[in-house]
Each structure stands twice: as structure tokens, then as C-alpha cells.
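Participant: If it helps, the file is called structure-v5.csv and holds CSV, C-alpha atoms:
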chain,number,residue,atom,x,y,z
D,1,MET,CA,-27.8,-83.8,-177.7
D,2,ALA,CA,-24.4,-82.2,-177.2
D,3,GLU,CA,-21.8,-84.2,-175.3
D,4,GLU,CA,-21.2,-83.1,-171.8
D,5,MET,CA,-17.6,-81.9,-171.4
D,6,LEU,CA,-15.3,-81.5,-168.4
D,7,GLU,CA,-12.7,-78.8,-168.2
D,8,VAL,CA,-9.6,-80.6,-166.9
D,9,SER,CA,-6.6,-78.5,-165.9
D,10,VAL,CA,-3.4,-80.5,-165.9
D,11,TRP,CA,0.0,-79.4,-164.6
D,12,ARG,CA,2.6,-79.3,-167.4
D,13,GLY,CA,6.3,-78.8,-166.6
D,14,ALA,CA,8.3,-79.7,-163.5
D,15,ALA,CA,9.0,-77.4,-160.5
D,16,GLU,CA,8.3,-74.5,-162.9
D,17,GLY,CA,5.3,-75.0,-165.1
D,18,ARG,CA,1.6,-74.1,-165.6
D,19,PHE,CA,-1.8,-75.6,-165.7
D,20,VAL,CA,-3.1,-76.4,-169.2
D,21,ALA,CA,-6.8,-76.8,-169.7
D,22,TYR,CA,-8.2,-79.7,-171.8
D,23,ALA,CA,-11.8,-80.5,-172.7
D,24,VAL,CA,-12.6,-84.1,-172.0
D,25,PRO,CA,-16.0,-85.8,-172.6
D,26,ARG,CA,-17.8,-86.8,-169.4
D,27,ARG,CA,-18.6,-90.5,-169.2
D,28,ALA,CA,-20.5,-92.7,-166.7
D,29,ASN,CA,-18.3,-94.2,-164.0
D,30,GLN,CA,-15.3,-92.2,-165.2
D,31,THR,CA,-12.3,-92.1,-163.0
D,32,VAL,CA,-9.7,-89.3,-162.7
D,33,LEU,CA,-7.1,-91.7,-164.2
D,34,ASP,CA,-9.5,-92.1,-167.2
D,35,LEU,CA,-9.4,-88.3,-167.7
D,36,VAL,CA,-5.6,-88.3,-167.7
D,37,SER,CA,-5.4,-91.3,-170.0
D,38,HIS,CA,-7.9,-89.6,-172.4
D,39,ILE,CA,-5.8,-86.5,-172.5
D,40,GLN,CA,-2.6,-88.5,-173.1
D,41,GLN,CA,-4.1,-90.8,-175.7
D,42,ARG,CA,-6.2,-88.3,-177.6
D,43,LEU,CA,-5.1,-84.7,-176.9
D,44,GLU,CA,-1.5,-84.5,-175.6
D,45,PRO,CA,0.7,-87.5,-176.4
D,46,GLY,CA,3.6,-85.8,-174.6
D,47,LEU,CA,1.8,-85.8,-171.2
D,48,SER,CA,3.8,-87.8,-168.6
D,49,TYR,CA,2.1,-89.6,-165.8
D,50,ARG,CA,2.4,-92.9,-164.0
D,51,PHE,CA,0.0,-95.8,-163.5
D,52,ALA,CA,0.0,-99.6,-163.7
D,53,CYS,CA,-2.7,-101.8,-162.2
D,54,ARG,CA,-5.8,-99.4,-162.5
D,55,VAL,CA,-7.5,-101.3,-159.7
D,56,GLY,CA,-6.0,-99.7,-156.5
D,57,MET,CA,-3.3,-102.2,-155.8
D,58,CYS,CA,0.0,-100.9,-157.1
D,59,GLY,CA,-0.1,-97.4,-155.7
D,60,SER,CA,1.5,-95.7,-158.7
D,61,CYS,CA,-1.2,-93.4,-160.0
D,62,ALA,CA,-1.6,-91.0,-157.0
D,63,MET,CA,-1.9,-87.3,-158.0
D,64,THR,CA,-3.3,-84.1,-156.5
D,65,VAL,CA,-6.9,-83.7,-157.6
D,66,ASN,CA,-8.6,-80.4,-156.9
D,67,GLY,CA,-6.0,-79.8,-154.2
D,68,LYS,CA,-6.2,-83.1,-152.4
D,69,PRO,CA,-3.9,-86.1,-152.9
D,70,ARG,CA,-5.9,-89.1,-154.2
D,71,TRP,CA,-5.4,-92.5,-155.9
D,72,THR,CA,-6.7,-91.5,-159.3
D,73,CYS,CA,-7.7,-95.0,-160.6
D,74,ARG,CA,-10.2,-95.4,-157.8
D,75,THR,CA,-11.5,-91.8,-157.6
D,76,HIS,CA,-14.6,-91.3,-159.6
D,77,VAL,CA,-14.9,-87.9,-161.4
D,78,ALA,CA,-18.4,-87.6,-160.0
D,79,ARG,CA,-16.8,-87.4,-156.5
D,80,VAL,CA,-14.4,-84.6,-157.3
D,81,ALA,CA,-15.8,-82.5,-160.2
D,82,GLY,CA,-17.8,-79.5,-159.1
D,83,ALA,CA,-21.1,-78.4,-160.7
D,84,ASP,CA,-19.0,-76.4,-163.1
D,85,GLY,CA,-17.4,-79.5,-164.5
D,86,ARG,CA,-13.9,-78.4,-163.6
D,87,VAL,CA,-11.1,-80.8,-162.4
D,88,GLU,CA,-7.6,-79.7,-161.6
D,89,ILE,CA,-4.9,-82.4,-161.6
D,90,ALA,CA,-1.4,-81.8,-160.3
D,91,PRO,CA,1.5,-84.0,-159.2
D,92,LEU,CA,1.8,-85.1,-155.6
D,93,ARG,CA,3.2,-82.6,-153.1
D,94,ASN,CA,6.5,-82.9,-151.1
D,95,MET,CA,8.5,-84.6,-153.9
D,96,PRO,CA,10.4,-83.3,-156.8
D,97,VAL,CA,8.4,-83.3,-160.0
D,98,ILE,CA,10.1,-85.1,-162.9
D,99,LYS,CA,7.7,-84.0,-165.5
D,100,ASP,CA,4.0,-83.1,-165.6
D,101,LEU,CA,2.2,-85.5,-163.2
D,102,ALA,CA,5.2,-87.9,-162.5
D,103,CYS,CA,7.1,-87.3,-159.3
D,104,ASP,CA,10.4,-88.7,-158.2
D,105,LEU,CA,9.5,-91.1,-155.4
D,106,ALA,CA,13.1,-91.8,-154.5
D,107,PRO,CA,13.1,-89.6,-151.4
D,108,PHE,CA,9.9,-91.2,-150.3
D,109,PHE,CA,11.3,-94.8,-150.5
D,110,ASP,CA,14.7,-93.8,-149.2
D,111,LYS,CA,12.9,-92.9,-146.0
D,112,TRP,CA,11.4,-96.3,-145.8
D,113,SER,CA,14.9,-97.6,-145.9
D,114,ARG,CA,16.1,-95.1,-143.2
D,115,ALA,CA,13.2,-96.2,-141.0
D,116,ARG,CA,14.4,-99.8,-141.3
D,117,GLY,CA,11.3,-100.7,-143.2
D,118,ARG,CA,12.8,-104.1,-144.0
D,119,PHE,CA,11.9,-107.4,-142.3
D,120,ALA,CA,14.9,-108.6,-140.3
D,121,PRO,CA,14.6,-112.4,-140.1
D,122,THR,CA,15.6,-114.3,-137.0
D,123,GLN,CA,15.0,-117.8,-138.3
D,124,THR,CA,16.2,-120.0,-141.1
D,125,ARG,CA,14.2,-122.1,-143.6
D,126,THR,CA,14.9,-125.2,-141.5
D,127,ASP,CA,13.1,-123.7,-138.5
D,128,ASP,CA,9.4,-124.3,-138.0
D,129,PHE,CA,6.8,-121.6,-138.6
D,130,ALA,CA,6.6,-118.9,-135.9
D,131,PRO,CA,3.2,-119.1,-134.2
D,132,VAL,CA,1.4,-115.8,-134.5
D,133,ALA,CA,-2.0,-115.7,-132.8
D,134,PRO,CA,-4.4,-113.7,-135.0
D,135,ALA,CA,-6.1,-112.3,-131.9
D,136,SER,CA,-2.8,-111.1,-130.3
D,137,ILE,CA,-2.5,-107.3,-129.7
D,138,GLN,CA,0.7,-107.2,-131.8
D,139,ARG,CA,-0.8,-109.0,-134.8
D,140,GLN,CA,-3.9,-106.8,-134.7
D,141,ALA,CA,-1.7,-103.7,-134.6
D,142,ALA,CA,0.3,-105.0,-137.6
D,143,ASP,CA,-2.9,-105.9,-139.4
D,144,ALA,CA,-4.2,-102.3,-139.0
D,145,GLY,CA,-1.3,-100.9,-141.0
D,146,ILE,CA,-0.3,-103.7,-143.3
D,147,GLU,CA,-2.4,-102.9,-146.3
D,148,CYS,CA,-0.3,-99.9,-147.3
D,149,ILE,CA,0.3,-99.8,-151.1
D,150,GLY,CA,3.0,-97.2,-151.0
D,151,CYS,CA,1.1,-94.7,-153.0
D,152,ALA,CA,2.6,-91.7,-151.2
D,153,VAL,CA,-0.7,-90.0,-150.7
D,154,CYS,CA,-0.1,-89.7,-147.0
D,155,TYR,CA,3.4,-88.3,-147.6
D,156,SER,CA,2.0,-85.7,-150.0
D,157,ALA,CA,-0.8,-84.8,-147.5
D,158,CYS,CA,1.7,-84.4,-144.5
D,159,ASP,CA,2.4,-80.8,-143.5
D,160,VAL,CA,5.3,-81.9,-141.3
D,161,VAL,CA,7.1,-83.3,-144.4
D,162,ALA,CA,6.6,-79.9,-146.1
D,163,TRP,CA,8.1,-78.1,-143.1
D,164,ASN,CA,10.9,-80.6,-142.3
D,165,PRO,CA,12.2,-82.4,-145.4
D,166,ASP,CA,14.2,-84.8,-143.2
D,167,TYR,CA,11.0,-86.1,-141.5
D,168,LEU,CA,10.5,-89.8,-142.3
D,169,GLY,CA,6.8,-89.3,-143.1
D,170,PRO,CA,3.7,-91.3,-142.4
D,171,ALA,CA,4.2,-94.3,-144.7
D,172,ALA,CA,7.7,-95.1,-143.6
D,173,LEU,CA,6.7,-94.8,-140.0
D,174,ASN,CA,3.6,-96.9,-140.5
D,175,ARG,CA,5.8,-99.6,-142.1
D,176,ALA,CA,8.2,-99.5,-139.1
D,177,TRP,CA,5.2,-99.9,-136.8
D,178,THR,CA,3.9,-103.0,-138.5
D,179,LEU,CA,7.4,-104.5,-138.3
D,180,HIS,CA,7.7,-103.5,-134.7
D,181,ASN,CA,4.6,-105.6,-134.1
D,182,ASP,CA,6.0,-108.6,-136.0
D,183,ALA,CA,7.1,-111.3,-133.5
D,184,ARG,CA,9.4,-112.8,-136.1
D,185,ASP,CA,11.4,-109.6,-136.7
D,186,GLY,CA,14.7,-109.3,-134.9
D,187,ALA,CA,15.5,-105.5,-135.3
D,188,HIS,CA,12.9,-104.0,-133.0
D,189,THR,CA,15.3,-101.9,-130.9
D,190,ALA,CA,17.4,-100.8,-133.9
D,191,ARG,CA,14.2,-99.8,-135.7
D,192,LEU,CA,13.0,-97.8,-132.7
D,193,ALA,CA,16.3,-96.0,-132.6
D,194,ALA,CA,16.0,-95.3,-136.4
D,195,VAL,CA,12.5,-93.8,-136.0
D,196,ALA,CA,12.9,-91.8,-132.8
D,197,GLY,CA,13.5,-88.1,-132.6
D,198,ASP,CA,13.2,-84.8,-134.5
D,199,ALA,CA,13.2,-86.4,-138.0
D,200,GLY,CA,11.1,-89.4,-136.8
D,201,CYS,CA,7.9,-90.2,-135.1
D,202,HIS,CA,8.4,-87.5,-132.4
D,203,ALA,CA,8.1,-84.8,-135.0
D,204,CYS,CA,4.5,-85.8,-135.9
D,205,HIS,CA,1.9,-83.2,-134.9
D,206,SER,CA,-1.0,-85.7,-135.1
D,207,HIS,CA,-2.7,-83.4,-137.7
D,208,GLN,CA,-4.1,-86.7,-139.2
D,209,SER,CA,-3.9,-85.5,-142.8
D,210,CYS,CA,-2.4,-88.8,-143.6
D,211,THR,CA,-5.3,-90.7,-142.0
D,212,GLU,CA,-7.8,-88.4,-143.6
D,213,HIS,CA,-6.4,-89.0,-147.1
D,214,CYS,CA,-5.2,-92.6,-147.0
D,215,PRO,CA,-7.1,-94.4,-149.7
D,216,LYS,CA,-6.7,-97.7,-147.8
D,217,GLN,CA,-8.3,-96.3,-144.7
D,218,ILE,CA,-5.1,-96.9,-142.7
D,219,SER,CA,-4.3,-94.6,-139.8
D,220,PRO,CA,-0.6,-93.8,-139.9
D,221,THR,CA,-1.3,-91.3,-137.1
D,222,LEU,CA,-2.2,-94.3,-134.8
D,223,SER,CA,0.9,-96.2,-135.9
D,224,ILE,CA,3.1,-93.1,-135.3
D,225,ALA,CA,1.5,-92.7,-131.8
D,226,GLY,CA,2.5,-96.3,-131.1
D,227,LEU,CA,6.1,-95.7,-132.2
D,228,LYS,CA,6.2,-92.5,-130.0
D,229,ARG,CA,5.3,-94.5,-127.0
D,230,ALA,CA,7.5,-97.5,-127.8
D,231,SER,CA,10.6,-95.5,-128.6
D,232,ALA,CA,10.1,-93.0,-125.7
D,233,LEU,CA,9.9,-96.0,-123.4
D,234,ALA,CA,13.0,-97.5,-125.0
D,235,ALA,CA,14.8,-94.2,-124.5
D,236,LEU,CA,13.8,-94.1,-120.9
D,237,LYS,CA,15.2,-97.5,-120.4
D,238,GLY,CA,18.4,-96.5,-122.1
D,239,GLU,CA,17.9,-99.1,-124.9
D,240,ILE,CA,18.2,-96.5,-127.6
C,1,MET,CA,21.6,-92.2,-136.6
C,2,THR,CA,19.9,-92.5,-133.2
C,3,ASP,CA,18.2,-89.4,-132.0
C,4,ARG,CA,18.2,-90.0,-128.3
C,5,LEU,CA,17.9,-86.3,-127.5
C,6,GLY,CA,14.7,-85.9,-129.6
C,7,ALA,CA,13.0,-88.9,-128.0
C,8,ARG,CA,13.9,-87.7,-124.5
C,9,LEU,CA,12.8,-84.1,-125.2
C,10,TRP,CA,9.5,-85.5,-126.4
C,11,LEU,CA,9.1,-87.5,-123.2
C,12,ALA,CA,10.0,-84.5,-121.1
C,13,GLN,CA,7.5,-82.3,-122.9
C,14,ARG,CA,4.7,-84.8,-122.4
C,15,ALA,CA,5.5,-85.2,-118.8
C,16,SER,CA,5.7,-81.4,-118.2
C,17,ALA,CA,2.4,-81.0,-120.1
C,18,ALA,CA,0.7,-83.4,-117.7
C,19,MET,CA,2.0,-81.3,-114.8
C,20,LEU,CA,1.0,-78.1,-116.5
C,21,ALA,CA,-2.6,-79.4,-117.0
C,22,LEU,CA,-2.9,-79.8,-113.3
C,23,CYS,CA,-1.1,-76.5,-112.4
C,24,VAL,CA,-3.1,-74.4,-114.8
C,25,ALA,CA,-6.4,-75.8,-113.5
C,26,VAL,CA,-5.4,-75.1,-109.9
C,27,HIS,CA,-4.1,-71.6,-110.9
C,28,LEU,CA,-7.3,-70.6,-112.8
C,29,ALA,CA,-9.6,-72.0,-110.1
C,30,THR,CA,-7.7,-70.1,-107.4
C,31,MET,CA,-7.7,-66.9,-109.4
C,32,ILE,CA,-11.5,-67.1,-110.1
C,33,TYR,CA,-12.1,-67.9,-106.5
C,34,ALA,CA,-9.9,-65.1,-105.2
C,35,VAL,CA,-11.5,-62.5,-107.5
C,36,GLN,CA,-15.1,-63.6,-106.6
C,37,GLY,CA,-14.2,-63.2,-103.0
C,38,GLY,CA,-13.2,-59.6,-103.7
C,39,LEU,CA,-9.6,-60.1,-102.4
C,40,SER,CA,-7.2,-57.2,-103.0
C,41,ALA,CA,-3.6,-57.7,-104.1
C,42,ALA,CA,-2.5,-57.0,-100.5
C,43,GLU,CA,-4.8,-59.6,-99.2
C,44,ILE,CA,-3.6,-62.2,-101.7
C,45,LEU,CA,0.0,-61.5,-100.8
C,46,GLY,CA,-1.0,-61.9,-97.2
C,47,ARG,CA,-2.0,-65.4,-97.9
C,48,THR,CA,1.0,-66.4,-100.1
C,49,ARG,CA,3.7,-64.8,-98.0
C,50,GLY,CA,5.4,-67.4,-95.8
C,51,SER,CA,3.3,-70.2,-97.3
C,52,ILE,CA,5.5,-73.2,-98.2
C,53,THR,CA,2.5,-74.8,-100.0
C,54,TRP,CA,2.1,-71.9,-102.5
C,55,LEU,CA,5.9,-71.6,-102.9
C,56,ALA,CA,6.1,-75.3,-103.7
C,57,PHE,CA,3.1,-75.2,-106.1
C,58,TYR,CA,4.2,-72.1,-108.1
C,59,GLY,CA,7.8,-73.3,-108.0
C,60,LEU,CA,6.7,-76.5,-109.6
C,61,PHE,CA,4.6,-74.6,-112.1
C,62,VAL,CA,7.6,-72.5,-113.2
C,63,LEU,CA,9.8,-75.6,-113.5
C,64,ALA,CA,7.1,-77.3,-115.7
C,65,VAL,CA,6.9,-74.2,-117.9
C,66,ALA,CA,10.7,-74.0,-118.1
C,67,VAL,CA,10.8,-77.6,-119.4
C,68,HIS,CA,7.8,-77.4,-121.7
C,69,ALA,CA,8.1,-74.1,-123.4
C,70,PRO,CA,11.8,-74.3,-124.7
C,71,ILE,CA,11.2,-77.8,-126.2
C,72,GLY,CA,8.1,-76.5,-128.0
C,73,LEU,CA,9.9,-73.4,-129.2
C,74,ARG,CA,12.8,-75.5,-130.4
C,75,ALA,CA,10.4,-77.7,-132.4
C,76,ILE,CA,8.7,-74.6,-133.9
C,77,LEU,CA,12.0,-73.0,-134.9
C,78,ARG,CA,13.2,-76.3,-136.5
C,79,GLU,CA,10.0,-76.4,-138.6
C,80,MET,CA,9.6,-72.8,-139.5
C,81,THR,CA,13.2,-71.7,-139.9
C,82,ALA,CA,16.5,-73.3,-141.2
C,83,TRP,CA,18.0,-73.1,-137.7
C,84,ARG,CA,19.2,-76.5,-136.5
C,85,GLY,CA,22.0,-78.1,-134.6
C,86,ARG,CA,23.8,-77.4,-131.4
C,87,SER,CA,23.3,-73.6,-131.4
C,88,LEU,CA,19.5,-74.0,-131.5
C,89,ASP,CA,19.7,-76.6,-128.7
C,90,LEU,CA,21.8,-74.2,-126.6
C,91,ALA,CA,19.5,-71.2,-127.4
C,92,ALA,CA,16.4,-73.3,-126.3
C,93,PHE,CA,18.3,-74.3,-123.1
C,94,GLY,CA,19.1,-70.7,-122.4
C,95,PHE,CA,15.5,-69.7,-122.9
C,96,GLY,CA,14.6,-72.4,-120.3
C,97,LEU,CA,17.1,-71.0,-117.9
C,98,ALA,CA,15.7,-67.5,-118.4
C,99,LEU,CA,12.2,-68.8,-117.7
C,100,ILE,CA,13.4,-70.4,-114.5
C,101,TRP,CA,15.2,-67.2,-113.4
C,102,LEU,CA,12.2,-64.9,-114.2
C,103,GLY,CA,9.6,-67.3,-112.9
C,104,LEU,CA,11.3,-68.2,-109.6
C,105,ARG,CA,12.0,-64.5,-109.0
C,106,ALA,CA,8.3,-63.9,-109.2
C,107,VAL,CA,7.5,-66.9,-107.0
C,108,VAL,CA,10.0,-65.8,-104.4
C,109,GLY,CA,8.4,-62.3,-104.6
C,110,LEU,CA,5.0,-63.8,-103.6
C,111,PHE,CA,6.6,-65.7,-100.8
C,112,ARG,CA,8.8,-63.0,-99.2
As C-alpha cells, please, write out the structure in this file.

Facilitator:
Amino acid sequence: MAEEMLEVSVWRGAAEGRFVAYAVPRRANQTVLDLVSHIQQRLEPGLSYRFACRVGMCGSCAMTVNGKPRWTCRTHVARVAGADGRVEIAPLRNMPVIKDLACDLAPFFDKWSRARGRFAPTQTRTDDFAPVAPASIQRQAADAGIECIGCAVCYSACDVVAWNPDYLGPAALNRAWTLHNDARDGAHTARLAAVAGDAGCHACHSHQSCTEHCPKQISPTLSIAGLKRASALAALKGEI
Amino acid sequence: MTDRLGARLWLAQRASAAMLALCVAVHLATMIYAVQGGLSAAEILGRTRGSITWLAFYGLFVLAVAVHAPIGLRAILREMTAWRGRSLDLAAFGFGLALIWLGLRAVVGLFR
């Protein structure tokens, strides 16, 4: 019996480029990353793409698959290939393409820095552990957003980032929200100041594309809504 | 850089939206009621003229619009065009003033 083949169109080039079609044999339990790896290993050694863990932890293999941003290592071909056996794989949106399927994530992570996505410690190693009640509202709010793997799927899905390149984006704001709810952190007000306004949380339209596409089922929209409330309140009090 | 203006504008737009929700509901309900009753324009003016209540209500409505619309317009222009900075803020502010002027003129027209 003839082997079933998939027609996989892959973006080749950088900002300027074109889709090139490759025929890849269909396998059981095949992931989109398997398709790309097959093409790179067997058909096109010059193909550039990024991956590391292959188990949905590192967040490095995200690409645009059939028009939607996805983590390719955990996306089964069966979920995305149409009846015609076609799959289109492109780099993520909203970031400069270095080559083929590899984007430059520097702007994405620079925004984490701008959003003060760094823990600001208030204690030293000689202090006792800070008690954090697992059932507290703050801890639960932090828990809801803490599993982010930094894959940039949300950033790629976000229309506001596409319209306003200065916008911090869902991942950086989600990170800021988890830190805002960390009782041990000492930069809450400075962080609210960093994330408020036209390039920050208040620019979010609540389209929820980030929430829709997040492979970890996080809702950055919810985190951003929390930041909107907290920073607006801080602005009202004159703290920021 | 702290964007105090952005945060405050967001707050003002939400607060004015809450007011508009109430104003629009009252406005629509009154309109439907007035039309069903077969009131003519002259009869409607007869009820609004000299009424401090309607003057206050529509005055508030106009002020809420004048806060809400320019902030939204500013956000749309920021996203859809390259226009940023002080000139855009001033233009949006000017649009708000124009809305107040035009709106209050109409409200006073109903009152007098």
C-alpha cells in the first residue's frame, strides 16, 4: 500500500520569502515539530527552526501552523491537517524573522524586562521563609499565571501588539501580574507604574486571543484585567 | 517611564462608560415612550423647556460623551495611525471641547 503523504508548506526566507512545499510521510501520533524535523533531517538541511525539550516545557518551538500560533512539539498533525493533508508552517507573528521558522525573540523578552518581570527580593538569606498561604487570593492569582513557559504564542496571537509595537504584550504583563501577587516582592508600585498606560495593560482590548491560544491554558487577559484595576487604583491614589 | 496619563484616561473612560450606560438606557426608554404616546416635537419641547431635571440629565449625558469619545478616538488613532505624542493629546482634548460646545448648545436649546 502506498505511503500516505502530507503536503507541508514551510516558510523559507526572512521578512521577504515564500512558502516551499515538501512531501512528508504521515505517521501515527506525529507532531508538527516531527514534520519540521523530518524536512530538516531528510529533505532540506538548510532549514532553520528552533526547539529544545520536545515535551512542552522549554517554549522554544512555537510556530504559526495553518494560521494559528501553536507549540509544535505538543501539536499533533491529526489536529491541524485538513482532509487534504495540507499543513502550512510559518514563523511566529509580531517578531522579526531571522531565517525560515526562527524568530528574533529579543523584543519579546525586552518587554518582560520593561514590565519589571524580575523578582525584587525584600529579605536576605538569613531571614526566615516568608509564609504564603496556598489558599490566599494573591497566591491563587499568582498560581493561575505562573506556568508560563515564555513560548511567545500569546504575543504572536495578540492584535494589539501588531497595531502598537510598543505594547508590552500578554506574556510580560502576565509575568508582572504574578509578581504583583507575590507577597515577598518589594517592587509592586514600581511595577504598576511600568505596566500602566498606553503601551501597557490599559492598551489591552480584551480580545482574548492570548487566552484562546495559550498552550498552558493560562488567561493573560485575566492577569491584564487585574493589572488594569490595580494600576488604575494606584493612579487614583497618586502612587504612580 | 510611568504613563500616568494613560492610566488616568483609562479610568476616566471606564467611569464615563458607566454613566453612559445609564444615560443611554434612560434616553432610549424615554424616546420609545414618547413616540408610542404620539407626542409631537412641540409637545416634547413643551415638557423639556424650563425643566431643570432634563437639563441636568442631558447636560450630564453630554459631559460623559465628551469624556468618553475623545479618549476612545485617541486610542484608535494611536493604534491605526502613526500619530502619537502631545499633538494627538491636544487634538483629542479639542475634540472633547467641541463635543461639549455642540452638545450643551443642543441641551440649552431644549431647555430655553

Participant: Residues of chain C that approach chain D to 9 Å or less, counting only C-alpha atoms: could you list each one with the shortest pair of atoms and its distance in Å to one decimal, rows by chain and increasing residue number, as CSV?

Facilitator:
residue,atom,partner,partner_atom,distance
C:Met1,CA,D:Ala194,CA,6.4
C:Thr2,CA,D:Ala193,CA,5.1
C:Asp3,CA,D:Gly197,CA,4.9
C:Arg4,CA,D:Ile240,CA,6.5
C:Leu5,CA,D:Gly197,CA,7.0
C:Gly6,CA,D:Gly197,CA,3.9
C:Ala7,CA,D:Gly197,CA,4.7
C:Arg8,CA,D:Ala235,CA,6.6
C:Leu9,CA,D:Gly197,CA,8.4
C:Trp10,CA,D:His202,CA,6.4
C:Leu11,CA,D:Ala232,CA,6.1
C:Ala75,CA,D:Ala203,CA,7.9
C:Arg78,CA,D:Asn164,CA,7.6
C:Glu79,CA,D:Trp163,CA,5.2
C:Met80,CA,D:Trp163,CA,6.6
C:Thr81,CA,D:Trp163,CA,8.8

Participant: Might you pull out every residue within 8 Å of Phe19 of chain D, with all atoms listed in the file counted and same-chain residues fewer than 5 positions away left off, and present them as an mmCIF file with C-alpha atoms, keeping the file's coordinate frame?

Facilitator:
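This is the output file result22.cif:
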data_model
loop_
_atom_site.group_PDB
_atom_site.id
_atom_site.type_symbol
_atom_site.label_atom_id
_atom_site.label_comp_id
_atom_site.auth_asym_id
_atom_site.auth_seq_id
_atom_site.Cartn_x
_atom_site.Cartn_y
_atom_site.Cartn_z
ATOM 1 C CA SER D 9 -6.600 -78.500 -165.900
ATOM 2 C CA VAL D 10 -3.400 -80.500 -165.900
ATOM 3 C CA TRP D 11 0.000 -79.400 -164.600
ATOM 4 C CA ARG D 12 2.600 -79.300 -167.400
#

Participant: What is the atom CA of Asp185 of chain D-atom CA of Val153 of chain D distance in Å, reported with one decimal?

Facilitator: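 Taking atom CA of Asp185 of chain D and atom CA of Val153 of chain D, their separation equals 27.0 Å.
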
Participant: For His76 of chain D, work out the shell of residues within 9 Å, counting all atoms listed in the file and skipping chain neighbours fewer than 6 positions away, then give it as a list in words.

Facilitator: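 Residues meeting the cut-off are Asn29, Gln30, Thr31, Val32 and Leu33 of chain D.
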
Participant: Between atom CA of Pro121 of chain D and atom CA of Leu173 of chain D, measure the distance and give it in Å to one decimal.

Facilitator: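 Those two atoms sit 19.3 Å apart.
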
Participant: How many Å separate atom CA of Ala14 of chain D from atom CA of Gly59 of chain D?

Facilitator: 21.1 Å

Participant: Show which residues sit within 10 Å of segment 104-108 of chain D, as number ranges by chain. Count only C-alpha atoms, and ignore same-chain residues fewer than 6 positions away.

Facilitator: D: 60, 92, 94-98, 150-152, 155-156, 165-166, 168-169, 171-172

Participant: With C-alpha atoms kept, could you save the residues just selected as a PDB file, in the frame of the given file?

Facilitator:
ATOM      1  CA  SER D  60       1.500 -95.700-158.700  1.00  0.00           C
ATOM      2  CA  LEU D  92       1.800 -85.100-155.600  1.00  0.00           C
ATOM      3  CA  ASN D  94       6.500 -82.900-151.100  1.00  0.00           C
ATOM      4  CA  MET D  95       8.500 -84.600-153.900  1.00  0.00           C
ATOM      5  CA  PRO D  96      10.400 -83.300-156.800  1.00  0.00           C
ATOM      6  CA  VAL D  97       8.400 -83.300-160.000  1.00  0.00           C
ATOM      7  CA  ILE D  98      10.100 -85.100-162.900  1.00  0.00           C
ATOM      8  CA  GLY D 150       3.000 -97.200-151.000  1.00  0.00           C
ATOM      9  CA  CYS D 151       1.100 -94.700-153.000  1.00  0.00           C
ATOM     10  CA  ALA D 152       2.600 -91.700-151.200  1.00  0.00           C
ATOM     11  CA  TYR D 155       3.400 -88.300-147.600  1.00  0.00           C
ATOM     12  CA  SER D 156       2.000 -85.700-150.000  1.00  0.00           C
ATOM     13  CA  PRO D 165      12.200 -82.400-145.400  1.00  0.00           C
ATOM     14  CA  ASP D 166      14.200 -84.800-143.200  1.00  0.00           C
ATOM     15  CA  LEU D 168      10.500 -89.800-142.300  1.00  0.00           C
ATOM     16  CA  GLY D 169       6.800 -89.300-143.100  1.00  0.00           C
ATOM     17  CA  ALA D 171       4.200 -94.300-144.700  1.00  0.00           C
ATOM     18  CA  ALA D 172       7.700 -95.100-143.600  1.00  0.00           C
TER      19      ALA D 172
END

Participant: When distances are computed from all atoms listed in the file, which of D:Pro215, D:Gly117, D:Gly13, D:Pro134 shows the smallest separation from Lys68 of chain D?

Facilitator: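 Closest to Lys68 of chain D of all the choices is D:Pro215.
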
Participant: Could you pull the residues within 12 Å of Ile44 of chain C, counting all atoms listed in the file, minus those fewer than 6 positions along the same chain, as a list in words?

Facilitator: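 The neighbour list is Thr30, Met31, Tyr33, Ala34, Val35, Gly37, Gly38, Gly50, Ser51, Trp54, Leu110 and Phe111 of chain C.
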